[in-house]
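Following: one structure in structure tokens, then a few remarks.
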Amino acid sequence: VSAAHQADRAGLAAAITAFRAADGDRHPDLALCLGLGQAFCALLEEDHDRARRDLKLARAHEPGGSPLAGRHGIELLLGVLAHDSGPAELTVAASAEESGFRWNRQFAALAEAVLHGRQGDTARAEVAAKEAREAALPYRMAGHLGARLVAEAALADGWGDPVTWLRQAEEYFHDGAVPAVAGACRTLLRRAGEPVRQRRHGLHRLPRELRDAGVTVREYDVFQLLAHRLGNTDIARRLLISPKTVEKHVSSLMAKTKLPDRVTLFDYAAAISR
């Protein structure tokens, strides 16, 4: 869980291997913990579709409906943002016992705010957003993540204080070395017409050989996703940039690393990321 909350997928995989080596496969909560950890890691990689799949998988292993499985919390919010869930699901969540957990309530209240905003009821959206912030007080990272997730809807529908939320979230995730979320926050701020501070000092994250080759911070963000053999469209969606911009970064990476083609770059990125 700790690795997942740092977007450290390699660390997550190593921890899972160690846990299983210690007879962890016998633990009744293993499937739930794995699903939730992998889902949160995916959210911090800006892969919301994968996060939803992981949450559903975790819930499939919890026939009793664990209150931590996300159905009435983060999974509900992601469904609302994807226009797959609406007032009916929110009503079910509100009547469910597990919605009383602060962890679930912060995300359910954000889902409520998004729905009210879409309906033009900004006053009720504001009330729900305030409730979400209060529920999230013990969970600093999740609070910032929730704000990032709803900021685009808040900007579009005119409720809350999405610019402030994005600035605070960008600062938090930049300092926490979670580049995908920090980059998404900066992109949304630019779309809103807000000035964005450059983060050149993020170069310390780059492996020495890439720094010496002149790779930029943004190119490194692309490079890390190439380790998963993603296409330009998937990378663009996660980093909130255009596929054409991704292609430019990939071409630049091949030139700077002196690698002949994309497949070789895939292999190099995977080796460096281990």
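Here's how to read the names in the structure tokens: chain A, B, ... by the order shown, residue numbers from 1 in each chain, ligand numbers from 1 in the order shown.
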Within 10 Å of region 170-177 of chain A, counting only C-alpha atoms, which residues show up once you throw out same-chain ones fewer than 6 positions away? Write them as JSON, numbers by chain, please.
-> {"A": [5, 6, 7, 8, 44, 140, 141, 144, 145, 148, 164, 183, 184, 185, 186, 189, 196, 199, 202, 205]}
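Within the 12 Å cut-off around Arg208 (chain A), using only C-alpha atoms and omitting residues fewer than 6 positions from it on the same chain, the listed residues are Gly214, Val215, Tyr220 and Ile272 of chain A.
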Run DSSP on the backbone and give me the residues of region 87-212 of chain A it puts in alpha helix (DSSP H), as a PDB file with N, CA and C atoms, in the first residue's frame.
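The result, written out as result39.pdb:
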```
ATOM      1  N   PRO A  87     -27.204   9.884 -10.421  1.00  0.00           N
ATOM      2  CA  PRO A  87     -27.927  10.063  -9.158  1.00  0.00           C
ATOM      3  C   PRO A  87     -28.400   8.761  -8.531  1.00  0.00           C
ATOM      4  N   ALA A  88     -28.784   7.781  -9.347  1.00  0.00           N
ATOM      5  CA  ALA A  88     -29.277   6.511  -8.787  1.00  0.00           C
ATOM      6  C   ALA A  88     -28.195   5.823  -7.966  1.00  0.00           C
ATOM      7  N   GLU A  89     -26.969   5.760  -8.522  1.00  0.00           N
ATOM      8  CA  GLU A  89     -25.859   5.128  -7.796  1.00  0.00           C
ATOM      9  C   GLU A  89     -25.499   5.930  -6.552  1.00  0.00           C
ATOM     10  N   LEU A  90     -25.623   7.251  -6.644  1.00  0.00           N
ATOM     11  CA  LEU A  90     -25.324   8.101  -5.500  1.00  0.00           C
ATOM     12  C   LEU A  90     -26.330   7.862  -4.378  1.00  0.00           C
ATOM     13  N   THR A  91     -27.578   7.662  -4.728  1.00  0.00           N
ATOM     14  CA  THR A  91     -28.613   7.379  -3.735  1.00  0.00           C
ATOM     15  C   THR A  91     -28.336   6.059  -3.024  1.00  0.00           C
ATOM     16  N   VAL A  92     -27.923   5.053  -3.792  1.00  0.00           N
ATOM     17  CA  VAL A  92     -27.572   3.758  -3.204  1.00  0.00           C
ATOM     18  C   VAL A  92     -26.403   3.923  -2.239  1.00  0.00           C
ATOM     19  N   ALA A  93     -25.401   4.704  -2.647  1.00  0.00           N
ATOM     20  CA  ALA A  93     -24.227   4.920  -1.798  1.00  0.00           C
ATOM     21  C   ALA A  93     -24.614   5.632  -0.508  1.00  0.00           C
ATOM     22  N   ALA A  94     -25.495   6.616  -0.613  1.00  0.00           N
ATOM     23  CA  ALA A  94     -25.895   7.389   0.554  1.00  0.00           C
ATOM     24  C   ALA A  94     -26.619   6.534   1.576  1.00  0.00           C
ATOM     25  N   SER A  95     -27.314   5.497   1.097  1.00  0.00           N
ATOM     26  CA  SER A  95     -28.068   4.639   2.000  1.00  0.00           C
ATOM     27  C   SER A  95     -27.239   3.475   2.518  1.00  0.00           C
ATOM     28  N   ARG A 102     -15.217   7.851   6.551  1.00  0.00           N
ATOM     29  CA  ARG A 102     -14.665   9.094   6.004  1.00  0.00           C
ATOM     30  C   ARG A 102     -13.960   8.846   4.681  1.00  0.00           C
ATOM     31  N   TRP A 103     -13.236   7.737   4.577  1.00  0.00           N
ATOM     32  CA  TRP A 103     -12.489   7.434   3.347  1.00  0.00           C
ATOM     33  C   TRP A 103     -13.431   7.380   2.156  1.00  0.00           C
ATOM     34  N   ASN A 104     -14.577   6.712   2.322  1.00  0.00           N
ATOM     35  CA  ASN A 104     -15.550   6.635   1.240  1.00  0.00           C
ATOM     36  C   ASN A 104     -16.288   7.957   1.053  1.00  0.00           C
ATOM     37  N   ARG A 105     -16.627   8.595   2.162  1.00  0.00           N
ATOM     38  CA  ARG A 105     -17.472   9.783   2.079  1.00  0.00           C
ATOM     39  C   ARG A 105     -16.795  10.914   1.313  1.00  0.00           C
ATOM     40  N   GLN A 106     -15.471  11.049   1.436  1.00  0.00           N
ATOM     41  CA  GLN A 106     -14.791  12.137   0.725  1.00  0.00           C
ATOM     42  C   GLN A 106     -15.006  12.023  -0.781  1.00  0.00           C
ATOM     43  N   PHE A 107     -14.920  10.797  -1.309  1.00  0.00           N
ATOM     44  CA  PHE A 107     -15.080  10.592  -2.750  1.00  0.00           C
ATOM     45  C   PHE A 107     -16.549  10.641  -3.168  1.00  0.00           C
ATOM     46  N   ALA A 108     -17.439  10.095  -2.324  1.00  0.00           N
ATOM     47  CA  ALA A 108     -18.867  10.143  -2.636  1.00  0.00           C
ATOM     48  C   ALA A 108     -19.361  11.586  -2.667  1.00  0.00           C
ATOM     49  N   ALA A 109     -18.875  12.413  -1.748  1.00  0.00           N
ATOM     50  CA  ALA A 109     -19.286  13.819  -1.734  1.00  0.00           C
ATOM     51  C   ALA A 109     -18.770  14.550  -2.968  1.00  0.00           C
ATOM     52  N   LEU A 110     -17.570  14.207  -3.427  1.00  0.00           N
ATOM     53  CA  LEU A 110     -17.062  14.807  -4.666  1.00  0.00           C
ATOM     54  C   LEU A 110     -17.902  14.383  -5.857  1.00  0.00           C
ATOM     55  N   ALA A 111     -18.325  13.110  -5.881  1.00  0.00           N
ATOM     56  CA  ALA A 111     -19.211  12.646  -6.955  1.00  0.00           C
ATOM     57  C   ALA A 111     -20.510  13.437  -6.935  1.00  0.00           C
ATOM     58  N   GLU A 112     -21.034  13.687  -5.742  1.00  0.00           N
ATOM     59  CA  GLU A 112     -22.261  14.483  -5.599  1.00  0.00           C
ATOM     60  C   GLU A 112     -22.037  15.894  -6.127  1.00  0.00           C
ATOM     61  N   ALA A 113     -20.896  16.484  -5.809  1.00  0.00           N
ATOM     62  CA  ALA A 113     -20.588  17.843  -6.277  1.00  0.00           C
ATOM     63  C   ALA A 113     -20.546  17.900  -7.802  1.00  0.00           C
ATOM     64  N   VAL A 114     -19.921  16.906  -8.421  1.00  0.00           N
ATOM     65  CA  VAL A 114     -19.825  16.877  -9.884  1.00  0.00           C
ATOM     66  C   VAL A 114     -21.217  16.795 -10.507  1.00  0.00           C
ATOM     67  N   LEU A 115     -22.083  15.941  -9.949  1.00  0.00           N
ATOM     68  CA  LEU A 115     -23.427  15.796 -10.496  1.00  0.00           C
ATOM     69  C   LEU A 115     -24.236  17.081 -10.333  1.00  0.00           C
ATOM     70  N   HIS A 116     -24.150  17.724  -9.181  1.00  0.00           N
ATOM     71  CA  HIS A 116     -24.857  18.994  -8.979  1.00  0.00           C
ATOM     72  C   HIS A 116     -24.336  20.059  -9.947  1.00  0.00           C
ATOM     73  N   GLY A 117     -23.016  20.076 -10.155  1.00  0.00           N
ATOM     74  CA  GLY A 117     -22.440  21.044 -11.081  1.00  0.00           C
ATOM     75  C   GLY A 117     -22.947  20.853 -12.498  1.00  0.00           C
ATOM     76  N   ARG A 118     -23.056  19.604 -12.929  1.00  0.00           N
ATOM     77  CA  ARG A 118     -23.560  19.326 -14.280  1.00  0.00           C
ATOM     78  C   ARG A 118     -25.011  19.801 -14.451  1.00  0.00           C
ATOM     79  N   THR A 122     -24.876  25.117  -8.662  1.00  0.00           N
ATOM     80  CA  THR A 122     -23.545  25.369  -8.109  1.00  0.00           C
ATOM     81  C   THR A 122     -23.554  25.482  -6.589  1.00  0.00           C
ATOM     82  N   ALA A 123     -24.667  25.956  -6.021  1.00  0.00           N
ATOM     83  CA  ALA A 123     -24.732  26.095  -4.561  1.00  0.00           C
ATOM     84  C   ALA A 123     -24.618  24.726  -3.891  1.00  0.00           C
ATOM     85  N   ARG A 124     -25.370  23.750  -4.387  1.00  0.00           N
ATOM     86  CA  ARG A 124     -25.294  22.409  -3.799  1.00  0.00           C
ATOM     87  C   ARG A 124     -23.954  21.747  -4.107  1.00  0.00           C
ATOM     88  N   ALA A 125     -23.387  22.059  -5.263  1.00  0.00           N
ATOM     89  CA  ALA A 125     -22.050  21.539  -5.574  1.00  0.00           C
ATOM     90  C   ALA A 125     -21.026  22.061  -4.576  1.00  0.00           C
ATOM     91  N   GLU A 126     -21.123  23.339  -4.223  1.00  0.00           N
ATOM     92  CA  GLU A 126     -20.205  23.938  -3.251  1.00  0.00           C
ATOM     93  C   GLU A 126     -20.334  23.261  -1.895  1.00  0.00           C
ATOM     94  N   VAL A 127     -21.578  23.004  -1.465  1.00  0.00           N
ATOM     95  CA  VAL A 127     -21.807  22.356  -0.171  1.00  0.00           C
ATOM     96  C   VAL A 127     -21.191  20.958  -0.164  1.00  0.00           C
ATOM     97  N   ALA A 128     -21.410  20.212  -1.232  1.00  0.00           N
ATOM     98  CA  ALA A 128     -20.862  18.852  -1.311  1.00  0.00           C
ATOM     99  C   ALA A 128     -19.336  18.874  -1.348  1.00  0.00           C
ATOM    100  N   ALA A 129     -18.757  19.835  -2.080  1.00  0.00           N
ATOM    101  CA  ALA A 129     -17.294  19.937  -2.153  1.00  0.00           C
ATOM    102  C   ALA A 129     -16.706  20.262  -0.781  1.00  0.00           C
ATOM    103  N   LYS A 130     -17.396  21.124  -0.025  1.00  0.00           N
ATOM    104  CA  LYS A 130     -16.926  21.455   1.325  1.00  0.00           C
ATOM    105  C   LYS A 130     -16.985  20.223   2.221  1.00  0.00           C
ATOM    106  N   GLU A 131     -18.063  19.453   2.109  1.00  0.00           N
ATOM    107  CA  GLU A 131     -18.177  18.222   2.890  1.00  0.00           C
ATOM    108  C   GLU A 131     -17.047  17.254   2.541  1.00  0.00           C
ATOM    109  N   ALA A 132     -16.713  17.166   1.254  1.00  0.00           N
ATOM    110  CA  ALA A 132     -15.627  16.287   0.828  1.00  0.00           C
ATOM    111  C   ALA A 132     -14.299  16.721   1.436  1.00  0.00           C
ATOM    112  N   ARG A 133     -14.024  18.021   1.432  1.00  0.00           N
ATOM    113  CA  ARG A 133     -12.753  18.514   1.996  1.00  0.00           C
ATOM    114  C   ARG A 133     -12.663  18.214   3.489  1.00  0.00           C
ATOM    115  N   GLU A 134     -13.772  18.358   4.186  1.00  0.00           N
ATOM    116  CA  GLU A 134     -13.768  18.077   5.625  1.00  0.00           C
ATOM    117  C   GLU A 134     -13.572  16.585   5.895  1.00  0.00           C
ATOM    118  N   ALA A 135     -14.231  15.744   5.095  1.00  0.00           N
ATOM    119  CA  ALA A 135     -14.074  14.297   5.269  1.00  0.00           C
ATOM    120  C   ALA A 135     -12.654  13.847   4.959  1.00  0.00           C
ATOM    121  N   ARG A 140      -4.367  13.330   3.592  1.00  0.00           N
ATOM    122  CA  ARG A 140      -3.856  14.470   2.831  1.00  0.00           C
ATOM    123  C   ARG A 140      -3.663  14.150   1.351  1.00  0.00           C
ATOM    124  N   MET A 141      -3.027  13.021   1.076  1.00  0.00           N
ATOM    125  CA  MET A 141      -2.764  12.682  -0.322  1.00  0.00           C
ATOM    126  C   MET A 141      -4.057  12.409  -1.089  1.00  0.00           C
ATOM    127  N   ALA A 142      -4.973  11.658  -0.472  1.00  0.00           N
ATOM    128  CA  ALA A 142      -6.240  11.368  -1.134  1.00  0.00           C
ATOM    129  C   ALA A 142      -7.062  12.628  -1.332  1.00  0.00           C
ATOM    130  N   GLY A 143      -6.961  13.568  -0.392  1.00  0.00           N
ATOM    131  CA  GLY A 143      -7.667  14.831  -0.545  1.00  0.00           C
ATOM    132  C   GLY A 143      -7.199  15.597  -1.764  1.00  0.00           C
ATOM    133  N   HIS A 144      -5.887  15.662  -1.955  1.00  0.00           N
ATOM    134  CA  HIS A 144      -5.339  16.348  -3.134  1.00  0.00           C
ATOM    135  C   HIS A 144      -5.683  15.598  -4.420  1.00  0.00           C
ATOM    136  N   LEU A 145      -5.665  14.266  -4.352  1.00  0.00           N
ATOM    137  CA  LEU A 145      -6.002  13.485  -5.535  1.00  0.00           C
ATOM    138  C   LEU A 145      -7.463  13.705  -5.927  1.00  0.00           C
ATOM    139  N   GLY A 146      -8.347  13.709  -4.937  1.00  0.00           N
ATOM    140  CA  GLY A 146      -9.755  13.953  -5.229  1.00  0.00           C
ATOM    141  C   GLY A 146      -9.968  15.318  -5.853  1.00  0.00           C
ATOM    142  N   ALA A 147      -9.255  16.325  -5.340  1.00  0.00           N
ATOM    143  CA  ALA A 147      -9.372  17.677  -5.908  1.00  0.00           C
ATOM    144  C   ALA A 147      -8.904  17.702  -7.351  1.00  0.00           C
ATOM    145  N   ARG A 148      -7.797  16.994  -7.637  1.00  0.00           N
ATOM    146  CA  ARG A 148      -7.323  16.943  -9.027  1.00  0.00           C
ATOM    147  C   ARG A 148      -8.359  16.260  -9.932  1.00  0.00           C
ATOM    148  N   LEU A 149      -8.984  15.191  -9.411  1.00  0.00           N
ATOM    149  CA  LEU A 149      -9.922  14.432 -10.228  1.00  0.00           C
ATOM    150  C   LEU A 149     -11.154  15.252 -10.621  1.00  0.00           C
ATOM    151  N   VAL A 150     -11.636  16.122  -9.717  1.00  0.00           N
ATOM    152  CA  VAL A 150     -12.867  16.864 -10.011  1.00  0.00           C
ATOM    153  C   VAL A 150     -12.604  18.261 -10.552  1.00  0.00           C
ATOM    154  N   ALA A 151     -11.346  18.687 -10.572  1.00  0.00           N
ATOM    155  CA  ALA A 151     -11.046  20.078 -10.962  1.00  0.00           C
ATOM    156  C   ALA A 151     -11.518  20.403 -12.370  1.00  0.00           C
ATOM    157  N   GLU A 152     -11.364  19.461 -13.298  1.00  0.00           N
ATOM    158  CA  GLU A 152     -11.766  19.729 -14.672  1.00  0.00           C
ATOM    159  C   GLU A 152     -13.271  19.976 -14.760  1.00  0.00           C
ATOM    160  N   ALA A 153     -14.051  19.158 -14.036  1.00  0.00           N
ATOM    161  CA  ALA A 153     -15.502  19.353 -14.012  1.00  0.00           C
ATOM    162  C   ALA A 153     -15.858  20.671 -13.338  1.00  0.00           C
ATOM    163  N   ALA A 154     -15.146  21.006 -12.260  1.00  0.00           N
ATOM    164  CA  ALA A 154     -15.420  22.256 -11.549  1.00  0.00           C
ATOM    165  C   ALA A 154     -15.112  23.463 -12.429  1.00  0.00           C
ATOM    166  N   LEU A 155     -14.037  23.395 -13.201  1.00  0.00           N
ATOM    167  CA  LEU A 155     -13.707  24.479 -14.129  1.00  0.00           C
ATOM    168  C   LEU A 155     -14.784  24.620 -15.200  1.00  0.00           C
ATOM    169  N   ALA A 156     -15.245  23.489 -15.719  1.00  0.00           N
ATOM    170  CA  ALA A 156     -16.229  23.515 -16.810  1.00  0.00           C
ATOM    171  C   ALA A 156     -17.580  24.032 -16.347  1.00  0.00           C
ATOM    172  N   ASP A 157     -17.975  23.679 -15.110  1.00  0.00           N
ATOM    173  CA  ASP A 157     -19.326  23.988 -14.657  1.00  0.00           C
ATOM    174  C   ASP A 157     -19.388  25.162 -13.676  1.00  0.00           C
ATOM    175  N   PRO A 162     -11.321  25.502  -8.231  1.00  0.00           N
ATOM    176  CA  PRO A 162     -10.444  24.513  -8.863  1.00  0.00           C
ATOM    177  C   PRO A 162      -9.028  25.002  -9.109  1.00  0.00           C
ATOM    178  N   VAL A 163      -8.843  26.300  -9.356  1.00  0.00           N
ATOM    179  CA  VAL A 163      -7.487  26.802  -9.588  1.00  0.00           C
ATOM    180  C   VAL A 163      -6.643  26.625  -8.334  1.00  0.00           C
ATOM    181  N   THR A 164      -7.185  27.014  -7.192  1.00  0.00           N
ATOM    182  CA  THR A 164      -6.461  26.830  -5.925  1.00  0.00           C
ATOM    183  C   THR A 164      -6.223  25.353  -5.654  1.00  0.00           C
ATOM    184  N   TRP A 165      -7.251  24.526  -5.890  1.00  0.00           N
ATOM    185  CA  TRP A 165      -7.081  23.082  -5.664  1.00  0.00           C
ATOM    186  C   TRP A 165      -5.956  22.528  -6.522  1.00  0.00           C
ATOM    187  N   LEU A 166      -5.916  22.928  -7.782  1.00  0.00           N
ATOM    188  CA  LEU A 166      -4.891  22.416  -8.688  1.00  0.00           C
ATOM    189  C   LEU A 166      -3.501  22.886  -8.285  1.00  0.00           C
ATOM    190  N   ARG A 167      -3.380  24.124  -7.859  1.00  0.00           N
ATOM    191  CA  ARG A 167      -2.069  24.625  -7.428  1.00  0.00           C
ATOM    192  C   ARG A 167      -1.582  23.857  -6.204  1.00  0.00           C
ATOM    193  N   GLN A 168      -2.469  23.642  -5.257  1.00  0.00           N
ATOM    194  CA  GLN A 168      -2.079  22.907  -4.052  1.00  0.00           C
ATOM    195  C   GLN A 168      -1.733  21.463  -4.376  1.00  0.00           C
ATOM    196  N   ALA A 169      -2.538  20.840  -5.246  1.00  0.00           N
ATOM    197  CA  ALA A 169      -2.269  19.453  -5.618  1.00  0.00           C
ATOM    198  C   ALA A 169      -0.968  19.339  -6.412  1.00  0.00           C
ATOM    199  N   GLU A 170      -0.735  20.278  -7.315  1.00  0.00           N
ATOM    200  CA  GLU A 170       0.510  20.252  -8.106  1.00  0.00           C
ATOM    201  C   GLU A 170       1.719  20.335  -7.192  1.00  0.00           C
ATOM    202  N   GLU A 171       1.671  21.229  -6.214  1.00  0.00           N
ATOM    203  CA  GLU A 171       2.782  21.374  -5.271  1.00  0.00           C
ATOM    204  C   GLU A 171       2.994  20.082  -4.493  1.00  0.00           C
ATOM    205  N   TYR A 172       1.895  19.513  -4.020  1.00  0.00           N
ATOM    206  CA  TYR A 172       1.990  18.298  -3.207  1.00  0.00           C
ATOM    207  C   TYR A 172       2.572  17.132  -4.014  1.00  0.00           C
ATOM    208  N   PHE A 173       2.038  16.901  -5.208  1.00  0.00           N
ATOM    209  CA  PHE A 173       2.493  15.750  -5.976  1.00  0.00           C
ATOM    210  C   PHE A 173       3.869  15.981  -6.590  1.00  0.00           C
ATOM    211  N   HIS A 174       4.210  17.231  -6.879  1.00  0.00           N
ATOM    212  CA  HIS A 174       5.576  17.489  -7.334  1.00  0.00           C
ATOM    213  C   HIS A 174       6.569  17.176  -6.221  1.00  0.00           C
ATOM    214  N   ASP A 175       6.293  17.677  -5.022  1.00  0.00           N
ATOM    215  CA  ASP A 175       7.194  17.417  -3.890  1.00  0.00           C
ATOM    216  C   ASP A 175       7.249  15.931  -3.552  1.00  0.00           C
ATOM    217  N   PRO A 179       5.043  12.443 -10.772  1.00  0.00           N
ATOM    218  CA  PRO A 179       5.047  13.387 -11.899  1.00  0.00           C
ATOM    219  C   PRO A 179       3.794  13.385 -12.753  1.00  0.00           C
ATOM    220  N   ALA A 180       3.134  12.235 -12.909  1.00  0.00           N
ATOM    221  CA  ALA A 180       1.967  12.190 -13.798  1.00  0.00           C
ATOM    222  C   ALA A 180       0.846  13.081 -13.272  1.00  0.00           C
ATOM    223  N   VAL A 181       0.576  13.004 -11.973  1.00  0.00           N
ATOM    224  CA  VAL A 181      -0.504  13.830 -11.408  1.00  0.00           C
ATOM    225  C   VAL A 181      -0.085  15.293 -11.375  1.00  0.00           C
ATOM    226  N   ALA A 182       1.161  15.566 -10.989  1.00  0.00           N
ATOM    227  CA  ALA A 182       1.635  16.945 -10.980  1.00  0.00           C
ATOM    228  C   ALA A 182       1.555  17.551 -12.381  1.00  0.00           C
ATOM    229  N   GLY A 183       1.940  16.783 -13.391  1.00  0.00           N
ATOM    230  CA  GLY A 183       1.872  17.266 -14.767  1.00  0.00           C
ATOM    231  C   GLY A 183       0.442  17.503 -15.226  1.00  0.00           C
ATOM    232  N   ALA A 184      -0.481  16.624 -14.813  1.00  0.00           N
ATOM    233  CA  ALA A 184      -1.889  16.816 -15.166  1.00  0.00           C
ATOM    234  C   ALA A 184      -2.429  18.100 -14.548  1.00  0.00           C
ATOM    235  N   CYS A 185      -2.035  18.378 -13.315  1.00  0.00           N
ATOM    236  CA  CYS A 185      -2.462  19.620 -12.655  1.00  0.00           C
ATOM    237  C   CYS A 185      -1.947  20.842 -13.413  1.00  0.00           C
ATOM    238  N   ARG A 186      -0.697  20.809 -13.846  1.00  0.00           N
ATOM    239  CA  ARG A 186      -0.130  21.948 -14.586  1.00  0.00           C
ATOM    240  C   ARG A 186      -0.855  22.128 -15.920  1.00  0.00           C
ATOM    241  N   THR A 187      -1.168  21.029 -16.586  1.00  0.00           N
ATOM    242  CA  THR A 187      -1.864  21.127 -17.871  1.00  0.00           C
ATOM    243  C   THR A 187      -3.254  21.741 -17.698  1.00  0.00           C
ATOM    244  N   LEU A 188      -3.984  21.328 -16.671  1.00  0.00           N
ATOM    245  CA  LEU A 188      -5.317  21.877 -16.431  1.00  0.00           C
ATOM    246  C   LEU A 188      -5.246  23.352 -16.062  1.00  0.00           C
ATOM    247  N   LEU A 189      -4.216  23.747 -15.334  1.00  0.00           N
ATOM    248  CA  LEU A 189      -4.046  25.162 -15.011  1.00  0.00           C
ATOM    249  C   LEU A 189      -3.804  25.980 -16.275  1.00  0.00           C
ATOM    250  N   ARG A 190      -2.982  25.450 -17.174  1.00  0.00           N
ATOM    251  CA  ARG A 190      -2.733  26.166 -18.436  1.00  0.00           C
ATOM    252  C   ARG A 190      -4.021  26.279 -19.247  1.00  0.00           C
ATOM    253  N   ARG A 191      -4.812  25.218 -19.285  1.00  0.00           N
ATOM    254  CA  ARG A 191      -6.081  25.270 -20.013  1.00  0.00           C
ATOM    255  C   ARG A 191      -7.016  26.326 -19.436  1.00  0.00           C
ATOM    256  N   ARG A 208      21.301   9.078 -14.178  1.00  0.00           N
ATOM    257  CA  ARG A 208      22.488   9.834 -14.589  1.00  0.00           C
ATOM    258  C   ARG A 208      22.711   9.773 -16.100  1.00  0.00           C
ATOM    259  N   GLU A 209      22.545   8.592 -16.694  1.00  0.00           N
ATOM    260  CA  GLU A 209      22.832   8.455 -18.126  1.00  0.00           C
ATOM    261  C   GLU A 209      21.863   9.280 -18.979  1.00  0.00           C
ATOM    262  N   LEU A 210      20.640   9.448 -18.506  1.00  0.00           N
ATOM    263  CA  LEU A 210      19.676  10.260 -19.249  1.00  0.00           C
ATOM    264  C   LEU A 210      19.962  11.750 -19.067  1.00  0.00           C
ATOM    265  N   ARG A 211      20.350  12.148 -17.863  1.00  0.00           N
ATOM    266  CA  ARG A 211      20.732  13.555 -17.647  1.00  0.00           C
ATOM    267  C   ARG A 211      21.921  13.915 -18.526  1.00  0.00           C
ATOM    268  N   ASP A 212      22.898  13.004 -18.577  1.00  0.00           N
ATOM    269  CA  ASP A 212      24.096  13.267 -19.383  1.00  0.00           C
ATOM    270  C   ASP A 212      23.761  13.347 -20.871  1.00  0.00           C
TER     271      ASP A 212
END
```
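You will find CA of Gly160 (chain A) at 22.1 Å from CA of Leu43 (chain A).
Compared by their closest atoms to Gln224 (chain A), and using only C-alpha atoms, the residues A:Gly11, A:Gly79, A:Pro207, A:Gly73 rank with A:Pro207 nearest.
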Write out as a list in words which residues come within 12 Å of Asp261 (chain A) when counting only C-alpha atoms, dropping same-chain ones fewer than 6 positions away.
-> Val250, Ser251, Ser252, Leu253, Met254, Ala255, Asp267 and Tyr268 of chain A
Same residues, N, CA and C atoms, output as a PDB file, in the first residue's frame:
```
ATOM      1  N   VAL A 250       9.267  11.335 -28.248  1.00  0.00           N
ATOM      2  CA  VAL A 250       9.845  10.019 -28.553  1.00  0.00           C
ATOM      3  C   VAL A 250      10.982  10.164 -29.560  1.00  0.00           C
ATOM      4  N   SER A 251      10.780  10.983 -30.575  1.00  0.00           N
ATOM      5  CA  SER A 251      11.840  11.212 -31.572  1.00  0.00           C
ATOM      6  C   SER A 251      13.068  11.824 -30.915  1.00  0.00           C
ATOM      7  N   SER A 252      12.827  12.781 -30.018  1.00  0.00           N
ATOM      8  CA  SER A 252      13.938  13.414 -29.319  1.00  0.00           C
ATOM      9  C   SER A 252      14.665  12.408 -28.428  1.00  0.00           C
ATOM     10  N   LEU A 253      13.911  11.542 -27.762  1.00  0.00           N
ATOM     11  CA  LEU A 253      14.528  10.528 -26.910  1.00  0.00           C
ATOM     12  C   LEU A 253      15.397   9.575 -27.722  1.00  0.00           C
ATOM     13  N   MET A 254      14.918   9.174 -28.893  1.00  0.00           N
ATOM     14  CA  MET A 254      15.712   8.267 -29.730  1.00  0.00           C
ATOM     15  C   MET A 254      16.996   8.951 -30.196  1.00  0.00           C
ATOM     16  N   ALA A 255      16.892  10.233 -30.515  1.00  0.00           N
ATOM     17  CA  ALA A 255      18.073  10.962 -30.963  1.00  0.00           C
ATOM     18  C   ALA A 255      19.089  11.102 -29.830  1.00  0.00           C
ATOM     19  N   ASP A 267      12.672  -1.282 -24.862  1.00  0.00           N
ATOM     20  CA  ASP A 267      13.503  -2.198 -24.078  1.00  0.00           C
ATOM     21  C   ASP A 267      14.430  -1.422 -23.135  1.00  0.00           C
ATOM     22  N   TYR A 268      14.984  -0.320 -23.656  1.00  0.00           N
ATOM     23  CA  TYR A 268      15.889   0.493 -22.846  1.00  0.00           C
ATOM     24  C   TYR A 268      15.131   1.101 -21.664  1.00  0.00           C
TER      25      TYR A 268
END
```
